[in-house]
Amino acid sequence: MKAMVDQETCIGCGLCCDTCDAVFRMNDDGKAEAYQTVNSEDEPTVQSAIDNCPVSAIYWDESAD
């Protein structure tokens with residue numbers, strides 16, 4: 001599975017990076033990005049990042065299966 005971060009919506013708070021640094025990092029624009037494909041071990045942690053994003057900028061890319 002692949003997680004995505006809407007760059008227009010992201011406020012750069014870094015919560016997703018703190019939650020799951022194996023998948024998320026901050027880019028040069030100060031916004032979060034999903035830089036790794038999500039393995040089954042990280043799925044619950046990524047879902048937690050999705051659920052806790054204060055602006056709902058993170059989502060699953062269903063087409064990436």
# chains A, B, ... in the order shown; residues from 1 in each chain; ligands from 1

$ residues_around --residues "A:Val55" --least-positions-apart "4" --cutoff "12 Å" --atoms "only C-alpha atoms" --output "ChimeraX atom specification"
/A:5-16,49-51,59

$ select_by_dssp --residues "chain A" --states "alpha helix (DSSP H)" --output "ChimeraX atom specification"
/A:15-19,43-52

$ residues_around --residues "A:Ser48" --least-positions-apart "5" --cutoff "9 Å" --atoms "only C-alpha atoms" --output "MDAnalysis selection string"
chainID A and resid 16 19:20 43 53

$ write_last_selection --atoms "N, CA and C atoms" --output "CSV table (one decimal), in the first residue's frame"
chain,number,residue,atom,x,y,z
A,16,CYS,N,2.9,13.2,11.6
A,16,CYS,CA,3.0,12.0,10.9
A,16,CYS,C,4.5,11.4,10.9
A,19,THR,N,5.0,10.0,14.2
A,19,THR,CA,4.3,8.8,14.4
A,19,THR,C,4.9,7.6,13.6
A,20,CYS,N,5.3,7.9,12.4
A,20,CYS,CA,5.9,6.8,11.6
A,20,CYS,C,7.0,7.3,10.7
A,43,GLU,N,1.4,-0.6,8.6
A,43,GLU,CA,0.1,-0.2,8.2
A,43,GLU,C,-0.7,0.4,9.4
A,53,CYS,N,-3.9,13.2,11.8
A,53,CYS,CA,-3.5,14.4,11.0
A,53,CYS,C,-4.5,15.6,11.3

$ closest_residue --among "A:Met1, A:Cys17, A:Pro54, A:Glu62" --to "A:Glu33" --atoms "only C-alpha atoms"
A:Cys17

$ atom_distance --atom1 "atom CA of A:Gln36" --atom2 "atom CA of A:Ala22"
7.2 Å
